$ cat run24.cif   # mmCIF, C-alpha atoms
data_work
#
loop_
_atom_site.label_atom_id
_atom_site.label_comp_id
_atom_site.auth_asym_id
_atom_site.auth_seq_id
_atom_site.Cartn_x
_atom_site.Cartn_y
_atom_site.Cartn_z
CA MET F 851 -64.77 -70.05 -53.77
CA ASN F 852 -61.65 -67.84 -54.06
CA THR F 853 -59.29 -68.61 -56.83
CA PRO F 854 -55.51 -68.34 -56.43
CA ASN F 855 -55.65 -65.03 -58.32
CA ASP F 856 -58.26 -63.61 -55.91
CA THR F 857 -56.20 -64.72 -52.92
CA ALA F 858 -53.08 -63.09 -54.37
CA ALA F 859 -55.04 -59.90 -55.04
CA GLN F 860 -56.32 -59.81 -51.46
CA GLU F 861 -52.83 -60.37 -50.13
CA ASN F 862 -51.51 -57.55 -52.29
CA LEU F 863 -54.32 -55.24 -51.12
CA ARG F 864 -53.63 -56.16 -47.50
CA ALA F 865 -49.91 -55.49 -48.02
CA VAL F 866 -50.66 -52.10 -49.61
CA ARG F 867 -52.96 -51.13 -46.74
CA GLN F 868 -50.40 -52.24 -44.17
CA ALA F 869 -47.68 -50.27 -45.96
CA ARG F 870 -49.91 -47.20 -45.99
CA MET F 871 -50.69 -47.68 -42.30
CA GLN F 872 -47.00 -48.03 -41.47
CA ALA F 873 -46.20 -44.95 -43.52
CA GLY F 874 -48.94 -43.00 -41.72
CA LEU F 875 -47.65 -44.12 -38.31
CA ALA F 876 -44.13 -43.15 -39.32
CA ARG F 877 -45.37 -39.66 -40.34
CA ARG F 878 -47.20 -39.30 -37.03
CA TYR F 879 -44.12 -40.36 -35.08
CA ARG F 880 -41.97 -37.91 -37.09
CA SER F 881 -44.47 -35.12 -36.47
CA ASP F 882 -44.53 -35.90 -32.77
CA ALA F 883 -40.74 -35.96 -32.61
CA LEU F 884 -40.48 -32.70 -34.58
CA PHE F 885 -43.02 -31.06 -32.29
CA ARG F 886 -41.11 -32.26 -29.23
CA TRP F 887 -37.81 -30.96 -30.60
CA ALA F 888 -39.41 -27.68 -31.65
CA GLY F 889 -40.80 -27.19 -28.14
CA LEU F 890 -37.47 -28.08 -26.58
CA GLY F 891 -35.71 -25.68 -28.96
CA ALA F 892 -38.12 -22.87 -28.12
CA VAL F 893 -37.65 -23.40 -24.37
CA SER F 894 -33.86 -23.65 -24.79
CA PHE F 895 -33.77 -20.48 -26.87
CA SER F 896 -35.86 -18.61 -24.31
CA ALA F 897 -33.63 -19.84 -21.49
CA LEU F 898 -30.51 -18.85 -23.45
CA VAL F 899 -31.87 -15.34 -24.06
CA LEU F 900 -32.74 -15.02 -20.37
CA VAL F 901 -29.28 -16.18 -19.31
CA LEU F 902 -27.61 -13.77 -21.75
CA LEU F 903 -29.80 -10.95 -20.44
CA LEU F 904 -28.93 -11.73 -16.82
CA ILE F 905 -25.22 -12.05 -17.62
CA SER F 906 -25.26 -8.78 -19.56
CA MET F 907 -27.09 -6.93 -16.79
CA ALA F 908 -24.88 -8.42 -14.08
CA SER F 909 -21.62 -7.61 -15.88
CA SER F 910 -22.72 -4.08 -16.74
CA GLY F 911 -24.37 -3.50 -13.38
CA TRP F 912 -21.36 -4.65 -11.38
CA ALA F 913 -19.41 -1.61 -12.60
CA GLY F 914 -22.34 0.58 -11.60
CA PHE F 915 -22.03 -0.55 -7.98
CA HIS F 916 -18.48 0.87 -7.90
CA ARG F 917 -17.17 4.39 -7.97
CA THR F 918 -13.81 6.13 -8.29
CA GLU F 919 -12.43 7.21 -4.92
CA LEU F 920 -9.36 9.09 -3.67
CA ARG F 921 -7.64 7.84 -0.54
CA MET F 922 -6.19 10.48 1.79
CA THR F 923 -5.89 11.50 5.43
CA VAL F 924 -7.69 14.40 7.11
CA PRO F 925 -6.26 16.05 10.28
CA ILE F 926 -8.83 16.21 13.09
CA ARG F 927 -7.46 16.91 16.55
CA GLY F 928 -6.23 20.46 16.80
CA SER F 929 -7.69 21.33 13.36
CA LEU F 930 -11.42 20.83 13.90
CA GLU F 931 -12.80 22.58 16.95
CA ILE F 932 -16.27 21.25 17.76
CA ASP F 933 -17.93 19.90 20.88
CA PRO F 934 -18.63 16.15 20.50
CA ALA F 935 -22.03 16.74 22.11
CA ARG F 936 -22.95 18.87 19.09
CA LEU F 937 -22.89 15.74 16.92
CA ALA F 938 -25.79 14.30 18.92
CA GLN F 939 -27.95 17.38 18.32
CA PRO F 940 -30.14 18.05 15.26
CA ASP F 941 -28.31 18.80 11.99
CA PRO F 942 -24.83 17.60 13.04
CA LEU F 943 -23.48 18.15 9.51
CA GLY F 944 -24.47 21.81 9.77
CA GLY F 945 -22.43 22.08 12.95
CA LEU F 946 -19.41 20.47 11.26
CA GLU F 947 -19.78 22.83 8.30
CA THR F 948 -19.80 25.81 10.66
CA ALA F 949 -16.72 24.42 12.38
CA GLY F 950 -14.88 24.48 9.03
CA LEU F 951 -14.85 20.84 7.98
CA PRO F 952 -15.27 21.63 4.22
CA ILE F 953 -12.21 23.90 4.30
CA LEU F 954 -10.28 21.32 6.30
CA VAL F 955 -11.03 18.55 3.77
CA GLY F 956 -10.11 20.83 0.86
CA THR F 957 -6.79 21.74 2.50
CA ALA F 958 -6.05 18.07 3.15
CA ALA F 959 -6.72 17.29 -0.54
CA VAL F 960 -4.30 20.02 -1.62
CA LYS F 961 -1.66 18.62 0.73
CA ALA F 962 -2.20 15.06 -0.54
CA PHE F 963 -2.51 15.66 -4.29
CA GLY F 964 -1.00 19.03 -5.06
CA PRO F 965 -2.34 22.52 -5.79
CA ASP F 966 -5.31 21.19 -7.77
CA GLY F 967 -6.15 18.57 -5.15
CA GLU F 968 -9.37 20.27 -4.10
CA GLU F 969 -10.62 20.03 -7.68
CA LEU F 970 -9.92 16.30 -7.80
CA ILE F 971 -12.48 15.43 -5.11
CA ALA F 972 -16.23 15.60 -5.73
CA ASP F 973 -18.33 18.51 -4.56
CA GLY F 974 -19.71 17.83 -1.11
CA ALA F 975 -17.14 15.11 -0.40
CA TRP F 976 -16.66 16.61 3.06
CA ARG F 977 -20.13 15.32 3.96
CA GLU F 978 -18.85 11.75 3.88
CA VAL F 979 -16.16 12.71 6.38
CA GLY F 980 -18.85 14.40 8.45
CA LYS F 981 -21.08 11.31 8.41
CA LYS F 982 -18.11 9.23 9.54
CA LEU F 983 -17.52 11.58 12.48
CA VAL F 984 -21.22 11.59 13.38
CA ALA F 985 -21.31 7.78 13.36
CA ASP F 986 -18.21 7.60 15.60
CA PRO F 987 -17.59 10.82 17.63
CA SER F 988 -14.49 9.22 19.20
CA LEU F 989 -12.68 9.99 15.93
CA LEU F 990 -12.53 13.64 17.05
CA THR F 991 -9.79 12.66 19.48
CA ARG F 992 -7.51 11.28 16.75
CA THR F 993 -4.75 13.27 15.16
CA GLU F 994 -5.90 12.31 11.67
CA ILE F 995 -8.24 9.82 10.05
CA ALA F 996 -7.94 7.90 6.77
CA VAL F 997 -10.83 8.46 4.38
CA SER F 998 -11.80 7.38 0.88
CA LEU F 999 -13.67 10.21 -0.83
CA PRO F 1000 -15.47 10.24 -4.20
CA ALA F 1001 -13.37 11.67 -7.01
CA SER F 1002 -14.63 14.44 -9.24
CA ASP F 1003 -16.55 13.56 -12.37
CA ASP F 1004 -13.65 14.66 -14.59
CA LEU F 1005 -11.14 12.50 -12.76
CA ALA F 1006 -13.50 9.50 -12.75
CA ASN F 1007 -14.09 9.96 -16.48
CA ALA F 1008 -10.35 10.18 -17.06
CA GLN F 1009 -9.81 6.89 -15.23
CA ARG F 1010 -12.32 5.28 -17.61
CA GLY F 1011 -10.33 6.60 -20.59
CA GLY F 1012 -12.25 9.80 -21.28
CA GLY F 1013 -11.39 13.47 -21.00
CA ASP F 1014 -8.07 15.11 -21.91
CA ALA F 1015 -4.78 13.24 -22.08
CA HIS F 1016 -3.19 15.21 -19.21
CA LEU F 1017 -5.93 14.23 -16.75
CA GLN F 1018 -5.77 10.62 -17.97
CA GLN F 1019 -2.07 10.54 -17.20
CA ARG F 1020 -2.74 12.11 -13.81
CA ALA F 1021 -5.35 9.44 -13.05
CA ALA F 1022 -2.93 6.69 -14.12
CA ASN F 1023 -0.19 8.08 -11.83
CA LEU F 1024 -2.57 8.30 -8.87
CA ALA F 1025 -3.77 4.75 -9.54
CA ARG F 1026 -0.19 3.45 -9.56
CA GLU F 1027 0.45 5.17 -6.24
CA GLY F 1028 -2.65 3.49 -4.80
CA LYS F 1029 -4.39 6.80 -4.17
CA LEU F 1030 -7.03 6.43 -6.90
CA VAL F 1031 -9.11 3.23 -6.71
CA ARG F 1032 -12.38 1.76 -7.89
CA ALA F 1033 -14.21 0.77 -4.70
CA PHE F 1034 -17.56 -0.86 -4.05
CA ASP F 1035 -20.03 1.93 -3.33
CA THR F 1036 -22.19 0.78 -0.43
CA GLY F 1037 -23.78 4.21 -0.32
CA PHE F 1038 -25.39 3.61 -3.72
CA LEU F 1039 -28.16 1.68 -1.99
CA VAL F 1040 -28.81 4.30 0.71
CA ARG F 1041 -28.44 7.62 -1.12
CA ALA F 1042 -30.97 9.44 -3.29
CA ASP F 1043 -30.52 11.11 -6.67
CA ALA F 1044 -27.75 13.65 -7.29
CA THR F 1045 -26.39 15.78 -10.10
CA ASN F 1046 -23.22 13.72 -10.64
CA PRO F 1047 -22.80 9.95 -10.99
CA GLN F 1048 -20.25 9.76 -8.17
CA ASN F 1049 -22.83 10.78 -5.56
CA VAL F 1050 -26.06 9.28 -6.92
CA GLY F 1051 -27.99 6.60 -5.08
CA ILE F 1052 -31.00 4.41 -5.68
CA TRP F 1053 -32.70 4.46 -2.27
CA GLY F 1054 -34.97 7.41 -3.08
CA ALA F 1055 -36.37 5.71 -6.19
CA LEU F 1056 -36.52 2.29 -4.51
CA LYS F 1057 -38.47 3.68 -1.55
CA GLY F 1058 -40.76 5.53 -3.96
CA SER F 1059 -41.42 2.26 -5.83
CA MET F 1060 -42.21 0.43 -2.60
CA MET F 1061 -44.65 3.10 -1.46
CA THR F 1062 -46.28 3.33 -4.89
CA MET F 1063 -46.67 -0.46 -5.14
CA PHE F 1064 -48.16 -0.55 -1.64
CA ILE F 1065 -50.84 1.97 -2.61
CA THR F 1066 -51.47 0.08 -5.86
CA LEU F 1067 -51.93 -3.24 -4.08
CA LEU F 1068 -54.00 -1.67 -1.29
CA LEU F 1069 -56.50 -0.27 -3.81
CA ALA F 1070 -56.45 -2.73 -6.71
CA PHE F 1071 -56.53 -6.07 -4.89
CA PRO F 1072 -59.65 -5.72 -2.67
CA VAL F 1073 -61.63 -3.78 -5.28
CA GLY F 1074 -60.65 -6.23 -8.03
CA VAL F 1075 -61.46 -9.33 -5.97
CA LEU F 1076 -64.81 -7.97 -4.75
CA SER F 1077 -65.72 -6.94 -8.30
CA ALA F 1078 -64.89 -10.42 -9.58
CA LEU F 1079 -66.96 -12.02 -6.82
CA TYR F 1080 -69.96 -9.83 -7.51
CA LEU F 1081 -69.87 -10.30 -11.28
CA GLU F 1082 -69.42 -14.06 -11.05
CA GLU F 1083 -71.58 -14.97 -8.02
CA TYR F 1084 -74.27 -12.31 -7.61
CA ALA F 1085 -74.79 -10.24 -10.76
CA GLN F 1086 -77.64 -11.22 -13.05
CA ARG F 1087 -76.83 -12.04 -16.64
CA ASN F 1088 -78.20 -9.17 -18.73
CA ARG F 1089 -76.97 -6.60 -21.21
CA TRP F 1090 -75.59 -4.36 -18.45
CA THR F 1091 -73.34 -7.05 -17.02
CA ASP F 1092 -72.31 -7.96 -20.57
CA LEU F 1093 -71.41 -4.32 -21.17
CA ILE F 1094 -69.41 -4.21 -17.93
CA GLU F 1095 -67.57 -7.41 -18.85
CA ILE F 1096 -66.68 -6.06 -22.30
CA SER F 1097 -65.51 -2.79 -20.74
CA ILE F 1098 -63.25 -4.58 -18.25
CA ASN F 1099 -61.72 -6.71 -21.01
CA ASN F 1100 -61.08 -3.60 -23.07
CA LEU F 1101 -59.56 -1.75 -20.11
CA ALA F 1102 -57.04 -4.58 -19.65
CA ALA F 1103 -55.76 -3.90 -23.19
CA VAL F 1104 -55.72 -0.08 -23.02
CA PRO F 1105 -52.21 1.45 -23.40
CA SER F 1106 -50.79 2.46 -20.05
CA ILE F 1107 -50.30 6.09 -21.04
CA ILE F 1108 -54.09 6.45 -21.24
CA PHE F 1109 -54.27 5.68 -17.53
CA GLY F 1110 -51.62 8.35 -17.03
CA LEU F 1111 -53.84 10.86 -18.79
CA LEU F 1112 -56.74 9.74 -16.61
CA GLY F 1113 -54.66 10.21 -13.47
CA LEU F 1114 -53.57 13.63 -14.71
CA ALA F 1115 -57.13 14.71 -15.44
CA VAL F 1116 -58.84 13.23 -12.36
CA PHE F 1117 -56.47 12.63 -9.46
CA LEU F 1118 -54.22 15.65 -9.94
CA ALA F 1119 -57.28 17.81 -10.49
CA ALA F 1120 -58.65 16.61 -7.15
CA PHE F 1121 -55.27 16.74 -5.34
CA PRO F 1122 -53.18 19.41 -7.09
CA ASN F 1123 -50.70 19.64 -4.20
CA PHE F 1124 -49.74 15.96 -4.39
CA ARG F 1125 -48.09 16.03 -7.81
CA SER F 1126 -45.48 13.25 -8.22
CA ALA F 1127 -46.50 11.74 -4.87
CA PRO F 1128 -46.64 7.94 -4.34
CA LEU F 1129 -50.33 8.35 -3.46
CA ILE F 1130 -51.20 9.67 -6.93
CA GLY F 1131 -48.87 7.21 -8.64
CA GLY F 1132 -50.38 4.27 -6.75
CA MET F 1133 -53.94 5.36 -7.56
CA THR F 1134 -53.05 5.67 -11.25
CA LEU F 1135 -51.38 2.27 -11.40
CA ALA F 1136 -54.28 0.74 -9.45
CA LEU F 1137 -56.62 1.71 -12.27
CA MET F 1138 -54.33 -0.08 -14.72
CA THR F 1139 -53.91 -3.19 -12.55
CA MET F 1140 -57.53 -3.63 -11.49
CA PRO F 1141 -58.90 -5.06 -14.81
CA VAL F 1142 -56.19 -7.75 -14.81
CA ILE F 1143 -57.15 -8.80 -11.27
CA VAL F 1144 -60.86 -8.81 -12.12
CA ILE F 1145 -60.39 -11.00 -15.20
CA SER F 1146 -58.08 -13.48 -13.48
CA GLY F 1147 -60.33 -13.46 -10.41
CA ARG F 1148 -63.44 -14.30 -12.42
CA ASN F 1149 -61.65 -17.15 -14.18
CA ALA F 1150 -60.39 -18.53 -10.86
CA ILE F 1151 -63.85 -18.30 -9.27
CA LYS F 1152 -65.45 -19.93 -12.30
CA ALA F 1153 -62.97 -22.82 -12.03
CA VAL F 1154 -64.24 -23.77 -8.57
CA PRO F 1155 -66.50 -26.85 -9.07
CA PRO F 1156 -70.24 -26.21 -8.54
CA SER F 1157 -70.30 -29.23 -6.23
CA ILE F 1158 -68.40 -27.17 -3.64
CA ARG F 1159 -71.19 -24.60 -3.61
CA ASP F 1160 -73.92 -27.25 -3.58
CA ALA F 1161 -72.31 -29.13 -0.69
CA ALA F 1162 -71.93 -25.96 1.37
CA LEU F 1163 -75.55 -24.95 0.76
CA ALA F 1164 -76.70 -28.45 1.62
CA MET F 1165 -74.90 -28.18 4.97
CA GLY F 1166 -76.85 -25.01 5.75
CA ALA F 1167 -74.31 -22.33 4.84
CA SER F 1168 -75.66 -18.98 3.69
CA PRO F 1169 -74.75 -17.66 0.21
CA VAL F 1170 -72.26 -15.23 1.75
CA GLN F 1171 -70.64 -18.04 3.75
CA VAL F 1172 -70.44 -20.17 0.63
CA VAL F 1173 -68.58 -17.40 -1.20
CA PHE F 1174 -66.19 -16.29 1.52
CA HIS F 1175 -65.64 -19.59 3.35
CA HIS F 1176 -65.45 -21.98 0.41
CA VAL F 1177 -65.30 -20.38 -3.06
CA LEU F 1178 -62.87 -17.53 -2.33
CA PRO F 1179 -60.23 -19.66 -0.49
CA LEU F 1180 -60.23 -22.17 -3.34
CA ALA F 1181 -60.00 -19.42 -5.97
CA LEU F 1182 -57.33 -17.42 -4.12
CA PRO F 1183 -54.29 -19.07 -5.78
CA GLY F 1184 -55.62 -18.16 -9.22
CA ILE F 1185 -56.46 -14.64 -8.05
CA LEU F 1186 -52.93 -14.22 -6.69
CA THR F 1187 -51.52 -15.36 -10.03
CA GLY F 1188 -53.37 -12.54 -11.78
CA THR F 1189 -52.26 -10.14 -9.07
CA ILE F 1190 -48.62 -11.13 -9.63
CA ILE F 1191 -48.96 -10.41 -13.35
CA GLY F 1192 -50.70 -7.09 -12.75
CA MET F 1193 -48.25 -5.89 -10.10
CA ALA F 1194 -45.23 -6.93 -12.18
CA ARG F 1195 -46.60 -4.89 -15.07
CA ALA F 1196 -47.27 -1.93 -12.77
CA LEU F 1197 -43.76 -2.06 -11.31
CA GLY F 1198 -42.17 -1.67 -14.74
CA GLU F 1199 -44.46 1.08 -16.02
CA THR F 1200 -43.00 4.48 -16.82
CA ALA F 1201 -45.41 6.28 -19.16
CA PRO F 1202 -48.35 6.80 -16.76
CA LEU F 1203 -46.03 8.02 -14.01
CA LEU F 1204 -44.35 10.48 -16.36
CA MET F 1205 -47.76 11.95 -17.08
CA ILE F 1206 -48.39 12.74 -13.41
CA GLY F 1207 -44.98 14.35 -12.91
CA MET F 1208 -42.94 11.58 -11.24
CA ARG F 1209 -39.92 12.44 -13.36
CA ALA F 1210 -38.82 15.35 -11.18
CA PHE F 1211 -35.36 15.49 -9.64
CA VAL F 1212 -35.86 14.27 -6.05
CA ALA F 1213 -32.75 14.75 -3.91
CA SER F 1214 -34.16 13.07 -0.79
CA PRO F 1215 -36.27 9.92 -0.25
CA PRO F 1216 -40.01 10.51 0.27
CA SER F 1217 -40.98 10.80 3.92
CA ASP F 1218 -44.66 9.87 3.43
CA PHE F 1219 -47.18 8.96 0.74
CA THR F 1220 -47.78 12.60 -0.20
CA SER F 1221 -44.13 13.66 -0.53
CA PRO F 1222 -42.55 14.19 -3.99
CA ALA F 1223 -40.99 10.95 -5.20
CA THR F 1224 -39.83 9.02 -8.21
CA VAL F 1225 -39.76 5.28 -8.96
CA LEU F 1226 -37.12 2.90 -10.27
CA PRO F 1227 -38.26 2.72 -13.93
CA VAL F 1228 -38.44 6.52 -14.18
CA GLN F 1229 -35.05 6.86 -12.47
CA ILE F 1230 -33.56 4.41 -14.97
CA PHE F 1231 -35.15 6.36 -17.82
CA LEU F 1232 -33.71 9.66 -16.57
CA TRP F 1233 -30.20 8.28 -16.01
CA SER F 1234 -30.12 6.57 -19.41
CA ASP F 1235 -30.72 9.95 -21.03
CA GLU F 1236 -27.55 11.44 -19.48
CA ILE F 1237 -24.41 11.89 -21.55
CA ASP F 1238 -21.93 11.13 -18.76
CA ARG F 1239 -20.62 7.57 -18.99
CA GLY F 1240 -20.84 7.28 -15.22
CA PHE F 1241 -24.62 7.54 -15.40
CA ILE F 1242 -24.69 4.70 -17.94
CA GLU F 1243 -22.98 2.43 -15.42
CA ARG F 1244 -25.36 3.57 -12.70
CA THR F 1245 -28.28 2.83 -15.03
CA SER F 1246 -27.17 -0.80 -15.35
CA ALA F 1247 -26.86 -1.07 -11.57
CA ALA F 1248 -30.35 0.40 -11.14
CA ILE F 1249 -31.72 -2.19 -13.59
CA VAL F 1250 -30.17 -4.95 -11.49
CA VAL F 1251 -31.84 -3.49 -8.38
CA LEU F 1252 -35.16 -3.33 -10.24
CA LEU F 1253 -34.88 -6.98 -11.32
CA ILE F 1254 -34.03 -8.08 -7.77
CA PHE F 1255 -36.97 -6.08 -6.40
CA LEU F 1256 -39.26 -7.65 -9.00
CA LEU F 1257 -38.02 -11.17 -8.18
CA LEU F 1258 -38.50 -10.59 -4.45
CA MET F 1259 -42.01 -9.21 -4.94
CA ASN F 1260 -43.00 -12.08 -7.22
CA GLY F 1261 -41.34 -14.61 -4.90
CA ILE F 1262 -43.42 -13.42 -1.95
CA ALA F 1263 -46.59 -13.51 -4.04
CA ILE F 1264 -45.82 -17.03 -5.33
CA TYR F 1265 -45.16 -18.21 -1.78
CA LEU F 1266 -48.51 -16.82 -0.64
CA ARG F 1267 -50.23 -18.43 -3.63
CA ASN F 1268 -48.74 -21.84 -2.83
CA ARG F 1269 -49.42 -21.33 0.87
CA PHE F 1270 -53.17 -20.82 0.31
CA GLU F 1271 -53.50 -23.38 -2.48
CA LYS F 1272 -55.98 -26.15 -1.73
CA ARG F 1273 -56.71 -29.24 -3.76
CA TRP F 1274 -60.05 -30.93 -4.19
#
$ encode --input "run24.cif" --output "structure tokens"
Amino acid sequence: MNTPNDTAAQENLRAVRQARMQAGLARRYRSDALFRWAGLGAVSFSALVLVLLLISMASSGWAGFHRTELRMTVPIRGSLEIDPARLAQPDPLGGLETAGLPILVGTAAVKAFGPDGEELIADGAWREVGKKLVADPSLLTRTEIAVSLPASDDLANAQRGGGDAHLQQRAANLAREGKLVRAFDTGFLVRADATNPQNVGIWGALKGSMMTMFITLLLAFPVGVLSALYLEEYAQRNRWTDLIEISINNLAAVPSIIFGLLGLAVFLAAFPNFRSAPLIGGMTLALMTMPVIVISGRNAIKAVPPSIRDAALAMGASPVQVVFHHVLPLALPGILTGTIIGMARALGETAPLLMIGMRAFVASPPSDFTSPATVLPVQIFLWSDEIDRGFIERTSAAIVVLLIFLLLMNGIAIYLRNRFEKRW
């Protein structure tokens, strides 16, 4: 029989245990809340950094989509003698050059801006007048046409506050008169590289990136998927397959420049005339992307429940039909996820492409997969190394184009992944 002292002791012990339990629950709740807030803080910080990056790139890149231009008029009728039919023949700009259009534009600049007017416009500015005439031959019947031509590098630099004080004052006077303006440069997206920031464009590098990524995807995706299928569904488990698996995992972690050295030693040795071509660049990047696709493909195939295979075999499907009609469609979303990661990494790579010579100055977009070309990351790298402030602005604009291209490429891949996703 319990005495009053024993009952009081039991009550005290029960109270102590309950207090300890409440304290433990409170600690667990605090830990859970701290973990929740830490996760929210990490996500918020990452989102803030991303927003700051996008704002910084957009603000800097917006200036890169503009250029300094001089507004003037160029006399045409009675000053430029050329048959309008000549503009429909091959090399119409050559015909306009023979007819004296460069001299005519230079004379018009002197008349509009003074004795040094020809020095204020960029070299080759007459070509923009020529392209305007080629696009609309009816302009040849006009007495004069109004044009907006790129300013020289010195005048553009003076407008930004650089150069000597005299040219800065000249730029300020022309700006007040409305003759010197900062205009949106639509040609930036359709021109190729040039020697001055006023005439550069991104189309050559953008087209080179598209062609290189196409070759990369064309080689890496089918080979990577078939390799993953063989290793996961058909290959026997032995030391050779273990060695292959270890090798693939190691290749996924190899620095990208090593693949550049491999491309230099193998592909350029086999195709020495295709240096800096999208074909060689795509083959090199395919080697780098393939291990990522194989690893993600094996994981996606392994995630397909065995019951899917058993049910297909029970219905009389052959092993090949089981793989290609049931396992592969269900694993495709996971495979595409790995492909997105691999292609995004390949798009931003510079080192392996530098090794195979894709850093050359390319003044015209590549015409085919074996033509000399460059890619967006290499173009950005080359422009960022220039001293001229105009190239710095163009670099920011090129980064914006690269980000948009990456988002579009990933968006298409994500759509395809969701389109083929199946639930079981």
$ residues_around --input "run24.cif" --residues "F:Val1225" --least-positions-apart "6" --cutoff "7 Å" --atoms "only C-alpha atoms" --output "PyMOL selection string"
chain F and resi 1055-1056+1058-1059
$ residues_around --input "run24.cif" --residues "F:Thr1045" --least-positions-apart "2" --cutoff "12 Å" --atoms "only C-alpha atoms" --output "MDAnalysis selection string"
chainID F and resid 972:974 1002:1003 1042:1043 1047:1051 1211:1213 1232:1233 1236 1238 1240:1241
$ resolve_selection --input "run24.cif" --expression "the PyMOL selection byres ((chain F and resi 1124) around 12)" --output "VMD selection string"
chain F and resid 1113 to 1114 1117 to 1123 1125 to 1133 1206 to 1208 1218 to 1223
$ resolve_selection --input "run24.cif" --expression "the PyMOL selection byres ((chain F and resi 1068-1085) around 6)" --output "MDAnalysis selection string"
chainID F and resid 1064:1067 1086 1136 1140 1143:1144 1147:1148
$ atom_distance --input "run24.cif" --atom1 "atom CA of F:Gln1018" --atom2 "atom CA of F:Gly914"
20.4 Å
$ closest_residue --input "run24.cif" --among "F:Trp976, F:Trp912, F:Phe885, F:Phe1270" --to "F:Val924" --atoms "all atoms listed in the file"
F:Trp976
$ resolve_selection --input "run24.cif" --expression "the PyMOL selection byres ((chain F and resi 895-909) around 12)" --output "PyMOL selection string"
chain F and resi 887-894+910-915+1242-1254
$ residues_around --input "run24.cif" --residues "F:Ile1108" --least-positions-apart "4" --cutoff "12 Å" --atoms "all atoms listed in the file" --output "number ranges by chain"
F: 1101-1104, 1112-1115, 1134-1135, 1137-1138, 1201-1206
$ closest_residue --input "run24.cif" --among "F:Ser929, F:Ser998, F:Thr918, F:Asn1046" --to "F:Arg1010" --atoms "only C-alpha atoms"
F:Thr918
$ atom_distance --input "run24.cif" --atom1 "atom CA of F:Val1142" --atom2 "atom CA of F:Gly1184"
11.8 Å
